[in-house]
>>> print(open('run_13.tsv').read())   # TSV, C-alpha atoms and all ligand atoms
chain	number	residue	atom	x	y	z
A	16	MET	CA	108.02	114.13	207.63
A	17	THR	CA	105.71	115.61	210.23
A	18	ASP	CA	102.10	115.53	209.16
A	19	ARG	CA	101.02	118.47	211.34
A	20	PHE	CA	101.02	121.94	209.83
A	21	THR	CA	99.57	125.42	210.22
A	22	ALA	CA	96.75	126.44	207.88
A	23	PHE	CA	94.68	129.58	207.42
A	24	VAL	CA	91.10	128.50	208.10
A	25	ILE	CA	87.82	130.43	207.75
A	26	GLU	CA	85.34	129.49	210.47
A	27	ASP	CA	81.88	130.58	211.51
A	28	ALA	CA	81.87	133.35	214.14
A	29	ASN	CA	78.26	134.14	215.07
A	30	GLY	CA	77.04	133.82	211.49
A	31	LYS	CA	80.01	135.65	209.94
A	32	PRO	CA	83.11	134.17	208.27
A	33	LYS	CA	86.25	134.75	210.33
A	34	GLY	CA	89.74	133.63	209.38
A	35	GLY	CA	92.64	132.57	211.58
A	36	PHE	CA	95.62	130.25	211.86
A	37	LYS	CA	94.93	126.70	212.99
A	38	GLU	CA	96.94	123.51	213.36
A	39	LEU	CA	95.78	120.67	211.06
A	40	SER	CA	97.10	117.23	210.24
A	41	VAL	CA	97.06	115.33	206.94
A	42	ALA	CA	94.33	113.09	208.40
A	43	ASP	CA	92.02	116.15	208.62
A	44	LEU	CA	92.15	116.75	204.86
A	45	PRO	CA	89.38	115.73	202.44
A	46	ASP	CA	89.56	112.26	200.93
A	47	HIS	CA	90.55	113.29	197.37
A	48	GLU	CA	92.88	111.07	195.31
A	49	VAL	CA	96.05	113.18	195.21
A	50	LEU	CA	98.00	114.50	198.22
A	51	VAL	CA	100.16	117.52	197.31
A	52	GLU	CA	102.95	119.01	199.40
A	53	ILE	CA	102.52	122.72	198.76
A	54	ALA	CA	105.66	124.79	198.27
A	55	PHE	CA	104.02	128.16	197.65
A	56	SER	CA	100.61	129.76	197.33
A	57	ALA	CA	99.71	133.31	196.32
A	58	LEU	CA	97.55	136.28	197.19
A	59	ASN	CA	94.81	137.15	194.70
A	60	TYR	CA	92.04	139.72	195.05
A	61	LYS	CA	89.61	136.88	195.85
A	62	ASP	CA	91.97	135.67	198.59
A	63	GLY	CA	91.86	139.20	200.02
A	64	LEU	CA	88.07	138.98	200.19
A	65	ALA	CA	88.20	135.53	201.84
A	66	VAL	CA	90.97	136.19	204.37
A	67	SER	CA	89.58	139.56	205.50
A	68	GLY	CA	86.02	138.22	205.72
A	69	LYS	CA	84.89	141.15	203.52
A	70	GLY	CA	83.54	138.75	200.89
A	71	ARG	CA	81.62	135.52	201.41
A	72	ILE	CA	83.93	133.44	199.28
A	73	ALA	CA	83.64	130.21	201.31
A	74	ARG	CA	80.32	128.50	200.68
A	75	LYS	CA	80.84	126.00	203.48
A	76	LEU	CA	82.72	126.28	206.76
A	77	PRO	CA	85.25	125.50	208.07
A	78	MET	CA	87.25	126.25	204.91
A	79	VAL	CA	90.99	126.33	204.29
A	80	ALA	CA	91.51	129.51	202.23
A	81	GLY	CA	93.84	130.04	199.25
A	82	ILE	CA	92.82	129.59	195.60
A	83	ASP	CA	96.27	128.83	194.13
A	84	LEU	CA	98.90	126.20	194.90
A	85	ALA	CA	102.15	124.93	193.43
A	86	GLY	CA	103.95	121.89	194.79
A	87	THR	CA	104.78	118.23	194.43
A	88	VAL	CA	102.59	115.13	194.48
A	89	VAL	CA	103.30	113.04	197.60
A	90	GLU	CA	100.67	110.29	197.24
A	91	SER	CA	98.30	109.45	194.41
A	92	ARG	CA	95.48	106.97	193.81
A	93	ALA	CA	95.02	108.45	190.29
A	94	PRO	CA	96.79	106.79	187.32
A	95	ASP	CA	97.82	110.09	185.68
A	96	TRP	CA	99.74	111.41	188.69
A	97	LYS	CA	102.62	109.95	190.66
A	98	PRO	CA	104.76	111.04	193.61
A	99	GLY	CA	107.30	113.64	192.55
A	100	ASP	CA	105.14	115.22	189.81
A	101	ARG	CA	105.32	119.02	189.89
A	102	VAL	CA	101.82	120.48	189.80
A	103	VAL	CA	99.74	123.64	189.94
A	104	VAL	CA	96.10	124.14	190.93
A	105	ASN	CA	94.30	127.40	190.04
A	106	GLY	CA	90.71	127.79	191.16
A	107	TRP	CA	88.38	124.78	190.73
A	108	GLY	CA	86.47	125.99	193.77
A	109	LEU	CA	89.45	126.03	196.15
A	110	SER	CA	88.60	128.31	199.10
A	111	GLU	CA	84.93	128.30	197.94
A	112	THR	CA	83.58	124.75	198.03
A	113	GLN	CA	86.90	122.86	198.34
A	114	TRP	CA	89.66	123.21	200.92
A	115	GLY	CA	92.43	125.40	199.57
A	116	ALA	CA	96.10	126.25	199.53
A	117	TYR	CA	97.08	128.09	202.72
A	118	GLY	CA	98.84	125.21	204.46
A	119	ARG	CA	101.65	122.77	203.75
A	120	PHE	CA	99.47	119.90	202.47
A	121	GLN	CA	96.21	119.53	200.59
A	122	ARG	CA	94.34	116.64	198.96
A	123	VAL	CA	92.88	117.47	195.55
A	124	LYS	CA	91.02	115.79	192.69
A	125	PRO	CA	93.29	114.66	189.83
A	126	GLU	CA	91.34	116.66	187.23
A	127	TRP	CA	92.18	119.91	189.02
A	128	LEU	CA	95.92	119.46	188.47
A	129	THR	CA	97.91	121.18	185.74
A	130	ARG	CA	101.46	119.98	185.08
A	131	LEU	CA	103.92	122.72	186.02
A	132	PRO	CA	105.82	123.75	182.85
A	133	ASP	CA	109.53	122.85	183.17
A	134	VAL	CA	110.63	126.46	182.79
A	135	PHE	CA	108.97	127.51	186.06
A	136	THR	CA	109.87	126.86	189.68
A	137	PRO	CA	106.91	126.47	192.06
A	138	GLU	CA	107.68	129.99	193.34
A	139	GLN	CA	107.48	131.41	189.80
A	140	ALA	CA	104.26	129.47	189.18
A	141	MET	CA	102.71	131.23	192.15
A	142	ALA	CA	104.18	134.57	191.09
A	143	ILE	CA	101.94	133.96	188.07
A	144	GLY	CA	99.08	132.32	189.98
A	145	THR	CA	95.40	132.73	189.12
A	146	ALA	CA	95.86	136.42	188.28
A	147	GLY	CA	98.61	135.70	185.75
A	148	TYR	CA	96.91	132.67	184.27
A	149	THR	CA	93.73	134.78	183.89
A	150	ALA	CA	95.72	137.49	182.12
A	151	SER	CA	96.89	134.78	179.73
A	152	LEU	CA	93.27	133.63	179.17
A	153	CYS	CA	92.38	137.26	178.33
A	154	VAL	CA	95.15	137.53	175.72
A	155	ASP	CA	94.09	134.16	174.24
A	156	ALA	CA	90.51	135.49	173.94
A	157	LEU	CA	91.59	138.72	172.20
A	158	GLU	CA	93.84	136.83	169.79
A	159	ASP	CA	91.15	134.25	169.05
A	160	ARG	CA	88.81	137.09	168.16
A	161	GLY	CA	91.46	138.37	165.75
A	162	VAL	CA	91.27	141.97	166.99
A	163	ILE	CA	94.88	142.61	168.04
A	164	GLN	CA	97.94	142.62	165.80
A	165	PRO	CA	101.67	143.02	166.52
A	166	GLY	CA	102.46	146.68	165.82
A	167	GLY	CA	98.70	147.30	165.32
A	168	GLY	CA	96.18	149.29	167.34
A	169	GLU	CA	96.65	149.95	171.04
A	170	VAL	CA	95.51	147.47	173.69
A	171	LEU	CA	94.22	148.96	176.96
A	172	VAL	CA	95.00	147.23	180.27
A	173	THR	CA	93.08	148.52	183.30
A	174	GLY	CA	94.09	147.92	186.91
A	175	ALA	CA	97.54	147.90	185.36
A	176	ALA	CA	99.74	147.79	188.46
A	177	GLY	CA	97.73	144.91	189.95
A	178	GLY	CA	98.34	141.20	189.41
A	179	VAL	CA	96.19	140.57	186.32
A	180	GLY	CA	97.24	143.92	184.84
A	181	SER	CA	100.99	143.46	185.33
A	182	VAL	CA	101.06	140.01	183.72
A	183	ALA	CA	98.74	141.12	180.90
A	184	ILE	CA	101.10	143.98	180.01
A	185	ALA	CA	104.14	141.69	179.94
A	186	LEU	CA	102.35	139.07	177.78
A	187	LEU	CA	100.92	141.60	175.31
A	188	ALA	CA	104.25	143.42	174.98
A	189	ALA	CA	106.05	140.13	174.34
A	190	ARG	CA	103.86	139.60	171.26
A	191	GLY	CA	104.54	143.10	169.96
A	192	TYR	CA	101.15	144.65	170.74
A	193	PRO	CA	101.31	148.32	171.78
A	194	VAL	CA	99.96	148.45	175.37
A	195	THR	CA	98.43	151.40	177.21
A	196	ALA	CA	98.29	150.92	180.97
A	197	SER	CA	95.53	152.54	183.03
A	198	THR	CA	96.59	153.11	186.62
A	199	GLY	CA	95.55	155.13	189.65
A	200	ARG	CA	99.19	155.11	190.76
A	201	PRO	CA	101.15	157.44	188.45
A	202	GLU	CA	104.25	156.77	190.57
A	203	GLN	CA	104.22	153.25	189.06
A	204	ALA	CA	104.74	154.58	185.50
A	205	ASP	CA	108.38	153.42	185.33
A	206	TYR	CA	107.40	149.98	186.65
A	207	LEU	CA	104.65	149.67	184.02
A	208	LYS	CA	106.95	150.83	181.21
A	209	GLY	CA	109.52	148.31	182.43
A	210	LEU	CA	106.90	145.57	181.91
A	211	GLY	CA	106.37	146.81	178.36
A	212	ALA	CA	103.64	149.48	178.49
A	213	THR	CA	104.08	152.03	175.71
A	214	GLY	CA	101.54	154.52	177.09
A	215	ILE	CA	99.93	155.37	180.43
A	216	VAL	CA	96.46	156.77	181.12
A	217	GLU	CA	95.20	158.04	184.48
A	218	ARG	CA	92.66	155.74	186.12
A	219	ALA	CA	90.48	158.82	186.85
A	220	SER	CA	90.00	159.51	183.13
A	221	LEU	CA	88.12	156.20	182.84
A	222	LEU	CA	86.11	156.62	186.04
A	223	GLU	CA	83.86	159.42	184.78
A	224	LYS	CA	81.04	158.24	182.57
A	225	GLY	CA	81.37	159.60	179.03
A	226	ALA	CA	79.20	159.37	175.90
A	227	PRO	CA	78.04	155.87	174.86
A	228	LEU	CA	80.24	156.12	171.77
A	229	GLN	CA	83.53	157.94	172.25
A	230	LYS	CA	86.62	158.47	170.11
A	231	GLU	CA	87.74	155.04	168.87
A	232	ARG	CA	90.98	154.26	170.60
A	233	TRP	CA	91.52	150.64	171.61
A	234	ALA	CA	91.82	147.64	169.31
A	235	GLY	CA	91.26	145.52	172.41
A	236	ALA	CA	91.29	145.74	176.19
A	237	VAL	CA	91.94	143.60	179.25
A	238	ASP	CA	89.73	144.88	182.07
A	239	SER	CA	90.10	143.79	185.69
A	240	VAL	CA	88.20	146.77	187.14
A	241	GLY	CA	84.57	146.62	185.90
A	242	GLY	CA	82.02	149.41	186.51
A	243	ILE	CA	82.41	152.75	184.69
A	244	THR	CA	85.97	151.80	183.69
A	245	LEU	CA	84.61	148.87	181.66
A	246	VAL	CA	81.80	151.03	180.27
A	247	ASN	CA	84.35	153.58	179.00
A	248	ALA	CA	86.63	150.87	177.64
A	249	LEU	CA	83.70	149.56	175.55
A	250	SER	CA	82.77	153.07	174.41
A	251	GLN	CA	86.36	153.78	173.29
A	252	THR	CA	86.97	150.47	171.50
A	253	VAL	CA	87.38	150.64	167.73
A	254	TYR	CA	84.89	149.26	165.23
A	255	GLY	CA	85.05	145.45	165.44
A	256	GLY	CA	87.30	145.44	168.52
A	257	ALA	CA	86.84	143.51	171.77
A	258	VAL	CA	87.18	143.86	175.54
A	259	ALA	CA	88.11	140.86	177.70
A	260	ALA	CA	86.39	141.44	181.06
A	261	CYS	CA	87.71	139.43	183.98
A	262	GLY	CA	87.47	141.54	187.12
A	263	LEU	CA	85.57	143.66	189.58
A	264	ALA	CA	88.31	145.52	191.47
A	265	GLY	CA	86.33	148.75	190.98
A	266	SER	CA	82.75	147.53	190.76
A	267	THR	CA	80.45	144.69	189.73
A	268	ASP	CA	78.12	147.14	187.93
A	269	LEU	CA	77.94	147.55	184.18
A	270	PRO	CA	75.77	150.62	183.51
A	271	THR	CA	76.22	150.81	179.75
A	272	THR	CA	74.16	150.95	176.55
A	273	VAL	CA	73.99	148.52	173.65
A	274	LEU	CA	75.46	151.12	171.25
A	275	PRO	CA	79.09	149.89	171.18
A	276	PHE	CA	77.79	146.38	170.43
A	277	ILE	CA	75.21	147.21	167.76
A	278	LEU	CA	76.82	150.22	166.04
A	279	ARG	CA	80.48	149.24	166.23
A	280	GLY	CA	80.28	145.46	166.53
A	281	VAL	CA	82.38	145.62	169.69
A	282	ALA	CA	82.53	142.30	171.57
A	283	LEU	CA	82.51	141.85	175.33
A	284	LEU	CA	84.43	138.66	176.09
A	285	GLY	CA	83.75	137.20	179.53
A	286	ILE	CA	86.73	135.48	181.12
A	287	ASP	CA	86.40	132.91	183.92
A	288	SER	CA	89.44	131.15	185.32
A	289	VAL	CA	87.84	129.08	188.08
A	290	MET	CA	86.03	126.44	186.03
A	291	ALA	CA	87.94	126.86	182.75
A	292	PRO	CA	88.43	123.45	181.10
A	293	ALA	CA	91.83	121.75	181.23
A	294	ALA	CA	92.69	122.37	177.56
A	295	ARG	CA	92.20	126.11	177.95
A	296	ARG	CA	94.35	126.13	181.10
A	297	GLU	CA	97.15	124.22	179.39
A	298	ARG	CA	97.11	126.67	176.51
A	299	ALA	CA	97.23	129.65	178.88
A	300	TRP	CA	100.15	128.13	180.80
A	301	ALA	CA	101.94	127.35	177.53
A	302	ARG	CA	101.71	131.04	176.59
A	303	LEU	CA	103.12	132.01	179.99
A	304	ALA	CA	105.99	129.53	179.54
A	305	ARG	CA	106.74	130.88	176.06
A	306	ASP	CA	106.21	134.64	176.49
A	307	LEU	CA	106.62	135.69	180.12
A	308	ASP	CA	110.09	137.10	180.67
A	309	SER	CA	111.57	135.83	183.95
A	310	GLY	CA	113.13	139.22	184.72
A	311	LYS	CA	109.75	140.95	184.33
A	312	LEU	CA	108.11	138.27	186.48
A	313	ALA	CA	110.71	138.86	189.21
A	314	ALA	CA	110.15	142.63	188.99
A	315	MET	CA	106.43	142.22	189.68
A	316	THR	CA	106.78	139.72	192.55
A	317	THR	CA	107.23	139.90	196.31
A	318	VAL	CA	107.38	136.83	198.56
A	319	GLU	CA	105.73	137.02	201.99
A	320	PRO	CA	105.27	134.58	204.88
A	321	MET	CA	101.80	133.15	205.53
A	322	SER	CA	101.79	134.91	208.92
A	323	LYS	CA	101.30	138.23	207.10
A	324	LEU	CA	98.12	137.13	205.30
A	325	PRO	CA	95.69	139.29	207.31
A	326	GLU	CA	97.53	142.55	206.60
A	327	LEU	CA	98.23	141.57	202.99
A	328	ALA	CA	94.52	140.86	202.45
A	329	ASP	CA	93.62	144.40	203.55
A	330	ALA	CA	96.37	145.80	201.31
A	331	ILE	CA	95.20	144.03	198.13
A	332	LEU	CA	91.58	145.10	198.68
A	333	ALA	CA	92.79	148.69	199.09
A	334	GLY	CA	94.66	148.44	195.76
A	335	LYS	CA	97.98	148.87	197.55
A	336	THR	CA	99.85	145.73	196.53
A	337	ARG	CA	101.89	145.94	193.34
A	338	GLY	CA	102.03	143.09	190.84
A	339	ARG	CA	101.95	139.70	192.49
A	340	VAL	CA	102.42	138.47	196.05
A	341	VAL	CA	103.69	134.91	196.57
A	342	ILE	CA	102.81	133.29	199.92
A	343	ASP	CA	105.35	130.99	201.54
A	344	VAL	CA	103.09	128.48	203.31
A	345	ASN	CA	105.91	126.72	205.19
B	401	LIG	P1	94.89	143.39	192.30
B	401	LIG	O1	94.35	144.04	193.52
B	401	LIG	O2	96.28	142.91	192.28
B	401	LIG	O3	94.73	144.40	191.07
B	401	LIG	C1	93.60	145.22	190.91
B	401	LIG	C2	94.05	146.60	190.42
B	401	LIG	O4	92.89	147.34	190.06
B	401	LIG	C3	94.73	147.44	191.48
B	401	LIG	O5	96.10	147.17	191.60
B	401	LIG	C4	94.49	148.83	190.94
B	401	LIG	O6	95.40	149.08	189.88
B	401	LIG	C5	93.09	148.72	190.33
B	401	LIG	N1	92.02	149.15	191.25
B	401	LIG	C6	91.85	148.78	192.55
B	401	LIG	N2	90.76	149.36	193.07
B	401	LIG	C7	90.23	150.11	192.07
B	401	LIG	C8	89.09	150.97	191.99
B	401	LIG	N3	88.27	151.17	193.04
B	401	LIG	N4	88.84	151.58	190.82
B	401	LIG	C9	89.65	151.41	189.75
B	401	LIG	N5	90.76	150.62	189.78
B	401	LIG	C10	91.03	149.98	190.92
B	401	LIG	O7	93.88	142.20	191.95
B	401	LIG	P2	94.08	141.00	190.91
B	401	LIG	O8	94.91	141.49	189.78
B	401	LIG	O9	94.44	139.78	191.65
B	401	LIG	O10	92.58	140.83	190.40
B	401	LIG	C11	91.99	141.88	189.63
B	401	LIG	C12	90.50	141.58	189.46
B	401	LIG	O11	90.35	140.46	188.60
B	401	LIG	C13	89.77	141.26	190.75
B	401	LIG	O12	88.48	141.83	190.71
B	401	LIG	C14	89.68	139.75	190.73
B	401	LIG	O13	88.61	139.28	191.49
B	401	LIG	C15	89.51	139.51	189.25
B	401	LIG	N6	89.92	138.17	188.83
B	401	LIG	C16	89.02	137.42	188.14
B	401	LIG	C17	89.33	136.19	187.69
B	401	LIG	C18	88.37	135.44	186.85
B	401	LIG	O14	88.41	134.21	186.82
B	401	LIG	N7	87.49	136.12	186.14
B	401	LIG	C19	90.62	135.58	188.03
B	401	LIG	C20	91.57	136.49	188.68
B	401	LIG	C21	91.19	137.74	189.08
B	401	LIG	P3	96.09	150.53	189.67
B	401	LIG	O15	96.62	150.94	191.00
B	401	LIG	O16	97.15	150.30	188.65
B	401	LIG	O17	95.00	151.44	189.18
>>> encode(input="run_13.tsv", output="structure tokens")
Amino acid sequence: MTDRFTAFVIEDANGKPKGGFKELSVADLPDHEVLVEIAFSALNYKDGLAVSGKGRIARKLPMVAGIDLAGTVVESRAPDWKPGDRVVVNGWGLSETQWGAYGRFQRVKPEWLTRLPDVFTPEQAMAIGTAGYTASLCVDALEDRGVIQPGGGEVLVTGAAGGVGSVAIALLAARGYPVTASTGRPEQADYLKGLGATGIVERASLLEKGAPLQKERWAGAVDSVGGITLVNALSQTVYGGAVAACGLAGSTDLPTTVLPFILRGVALLGIDSVMAPAARRERAWARLARDLDSGKLAAMTTVEPMSKLPELADAILAGKTRGRVVIDVN
């Protein structure tokens, strides 16, 4: 086993973060307890921001980018993990404060590891990745709130053809919830229906600010877009319904009123995947193992070599990637 490998590293270039490929060795890695040989990583929106330098994701430099990894434990000083264990890491500050996944090896803290469910290969785990695991957290939150029912009111999914959106549709449909997909790409209607969407709405219809209280339409919503889209989702949610907000693909703003909250009892459920506690992660992964159809997962996935990261980063920020992109780091 050679211990030298190519990694995608963000470095300081005259005060600005700049990414590029660099040769590292295992000896360069941080001194955490568990050494993982990474089989695959993934491309998430946040990875797009980090790789392109358009977002200051890394809070210290140099930084190995990549927020998601799936692979096998090679060495461990932690009692709970042994060589050969199949593991996943989603978030926990990877690519922000901790060296991340774009390279063949990484050392991580034992508490960041989730056991890879038997039903998934490492490639499938990264086809799910942070985006898919976050979609699962969103569905957990809506179910916990008790607002969605099989065969009940419609559930809106915004940013539908993206990573979070695609997995959310498949998970909701698997439980029998009617799903309406909001997309700016009408040409993806067949793809979205194939994942289980029962209705499609044009992204533009949610981008224009409407009245603070609009016709009640959604029992619940999974929103990865933010901004006016989230404002409209709240304004169109039924009495007592809820919106799980996890993203900012459109905007970080939330120019709304309190009316949906105080006159309709609508709940805004904030979803964070990065620091979510282990029990919540295990539950989200258990849902994915139980409900995510492998054919649908394959339909939403493309696998790309790490060498294409710079162009893929621009594509995801432009909303041009569909579903999920797995990154082959070897
Ligand atoms: P993707 O780029 O794969 O999906 C985002 C989708 O949003 C696009 O495919 C597009 O869908 C839609 N979109 C893009 N730009 C705009 C725009 N300007 N206005 C309206 N819609 C737009 O990203 P991910 O699915 O990986 O992530 C989605 C969001 O969720 C990101 O903001 C990401 O940072 C966030 N996120 C948050 C997490 C958390 O822990 N809270 C974890 C994971 C992701 P379409 O073409 O169908 O309209």
>>> closest_residue(input="run_13.tsv", among="A:Leu274, A:Ala57, A:Ala189, A:Val179", to="Gln251 (chain A)", atoms="all atoms listed in the file")
A:Leu274
>>> residues_near_ligand(input="run_13.tsv", ligand="ligand LIG 401 (chain B)", cutoff="6 Å", atoms="only C-alpha atoms and all ligand atoms", output="PyMOL selection string")
chain A and resi 59-61+145-146+149+174-180+198-200+218+239-240+261-265+286-289+331-332+334+338
>>> residues_around(input="run_13.tsv", residues="Asp18 (chain A)", least_positions_apart="4", cutoff="10 Å", atoms="all atoms listed in the file", output="VMD selection string")
chain A and resid 39 to 42 119 to 120
>>> closest_residue(input="run_13.tsv", among="A:Gly280, A:Leu327, A:Phe20, A:Ala234", to="Tyr192 (chain A)", atoms="only C-alpha atoms")
A:Ala234
>>> closest_residue(input="run_13.tsv", among="A:Glu202, A:Asp329, A:Asp343, A:Glu138", to="Ser309 (chain A)", atoms="only C-alpha atoms")
A:Glu138
>>> residues_around(input="run_13.tsv", residues="region 80-85 of chain A", least_positions_apart="5", cutoff="9 Å", atoms="all atoms listed in the file", output="NGL selection string")
:A and (22-25 or 34 or 51-59 or 61-62 or 65-66 or 73 or 101-111 or 113-118 or 131 or 136-138 or 140-141 or 144-145)
>>> atom_distance(input="run_13.tsv", atom1="CA of Ala150 (chain A)", atom2="CA of Ser322 (chain A)")
27.6 Å
>>> atom_distance(input="run_13.tsv", atom1="CA of Gly35 (chain A)", atom2="CA of Glu90 (chain A)")
27.7 Å
>>> residues_around(input="run_13.tsv", residues="Ser91 (chain A)", least_positions_apart="3", cutoff="10 Å", atoms="all atoms listed in the file", output="NGL selection string")
:A and (47-51 or 88 or 94-98 or 122-125)
>>> residues_around(input="run_13.tsv", residues="Leu152 (chain A)", least_positions_apart="5", cutoff="12 Å", atoms="only C-alpha atoms", output="ChimeraX atom specification")
/A:145-147,157-159,179,182-183,186-187,237,259-261,284-289,291-292,294-303
>>> residues_around(input="run_13.tsv", residues="Gly209 (chain A)", least_positions_apart="2", cutoff="9 Å", atoms="all atoms listed in the file", output="ChimeraX atom specification")
/A:185,204-207,211-212,311,314
>>> closest_residue(input="run_13.tsv", among="A:Gly63, A:Gly225, A:Gly30, A:Pro270", to="Lys323 (chain A)", atoms="all atoms listed in the file")
A:Gly63
>>> atom_distance(input="run_13.tsv", atom1="CA of Gly68 (chain A)", atom2="CA of Leu128 (chain A)")
27.3 Å
>>> closest_residue(input="run_13.tsv", among="A:Leu210, A:Leu278, A:Ala156, A:Val134", to="Val194 (chain A)", atoms="only C-alpha atoms")
A:Leu210
>>> closest_residue(input="run_13.tsv", among="A:Gly86, A:Pro275, A:Gly214, A:Pro201", to="Gln229 (chain A)", atoms="all atoms listed in the file")
A:Pro275
>>> decode(input="run_13.tsv", residues="region 43-78 of chain A", atoms="C-alpha atoms", output="PDB file, in the first residue's frame")
ATOM      1  CA  ASP A  43       0.682  14.657   6.769  1.00  0.00           C
ATOM      2  CA  LEU A  44      -2.792  13.866   8.135  1.00  0.00           C
ATOM      3  CA  PRO A  45      -4.069  15.083  11.523  1.00  0.00           C
ATOM      4  CA  ASP A  46      -3.418  12.879  14.543  1.00  0.00           C
ATOM      5  CA  HIS A  47      -7.005  11.632  15.054  1.00  0.00           C
ATOM      6  CA  GLU A  48      -7.633   8.081  16.324  1.00  0.00           C
ATOM      7  CA  VAL A  49      -9.074   6.408  13.226  1.00  0.00           C
ATOM      8  CA  LEU A  50      -7.420   6.171   9.791  1.00  0.00           C
ATOM      9  CA  VAL A  51      -9.970   5.573   7.014  1.00  0.00           C
ATOM     10  CA  GLU A  52      -9.228   4.483   3.456  1.00  0.00           C
ATOM     11  CA  ILE A  53     -11.787   6.448   1.477  1.00  0.00           C
ATOM     12  CA  ALA A  54     -13.529   4.681  -1.395  1.00  0.00           C
ATOM     13  CA  PHE A  55     -15.804   7.512  -2.504  1.00  0.00           C
ATOM     14  CA  SER A  56     -16.747  11.057  -1.591  1.00  0.00           C
ATOM     15  CA  ALA A  57     -19.497  13.252  -3.035  1.00  0.00           C
ATOM     16  CA  LEU A  58     -20.282  16.710  -4.324  1.00  0.00           C
ATOM     17  CA  ASN A  59     -22.662  18.790  -2.214  1.00  0.00           C
ATOM     18  CA  TYR A  60     -23.626  22.438  -2.636  1.00  0.00           C
ATOM     19  CA  LYS A  61     -21.245  23.325   0.213  1.00  0.00           C
ATOM     20  CA  ASP A  62     -18.439  21.462  -1.589  1.00  0.00           C
ATOM     21  CA  GLY A  63     -19.196  23.611  -4.639  1.00  0.00           C
ATOM     22  CA  LEU A  64     -18.698  26.736  -2.527  1.00  0.00           C
ATOM     23  CA  ALA A  65     -15.431  25.399  -1.051  1.00  0.00           C
ATOM     24  CA  VAL A  66     -13.869  24.036  -4.251  1.00  0.00           C
ATOM     25  CA  SER A  67     -14.702  27.112  -6.353  1.00  0.00           C
ATOM     26  CA  GLY A  68     -13.561  29.513  -3.623  1.00  0.00           C
ATOM     27  CA  LYS A  69     -16.936  31.297  -3.930  1.00  0.00           C
ATOM     28  CA  GLY A  70     -17.723  30.609  -0.270  1.00  0.00           C
ATOM     29  CA  ARG A  71     -15.389  30.813   2.715  1.00  0.00           C
ATOM     30  CA  ILE A  72     -16.146  27.320   3.937  1.00  0.00           C
ATOM     31  CA  ALA A  73     -12.660  26.542   5.293  1.00  0.00           C
ATOM     32  CA  ARG A  74     -12.037  28.347   8.567  1.00  0.00           C
ATOM     33  CA  LYS A  75      -8.356  27.435   8.610  1.00  0.00           C
ATOM     34  CA  LEU A  76      -5.898  26.831   5.789  1.00  0.00           C
ATOM     35  CA  PRO A  77      -4.532  24.675   4.306  1.00  0.00           C
ATOM     36  CA  MET A  78      -7.695  22.549   4.274  1.00  0.00           C
TER      37      MET A  78
END
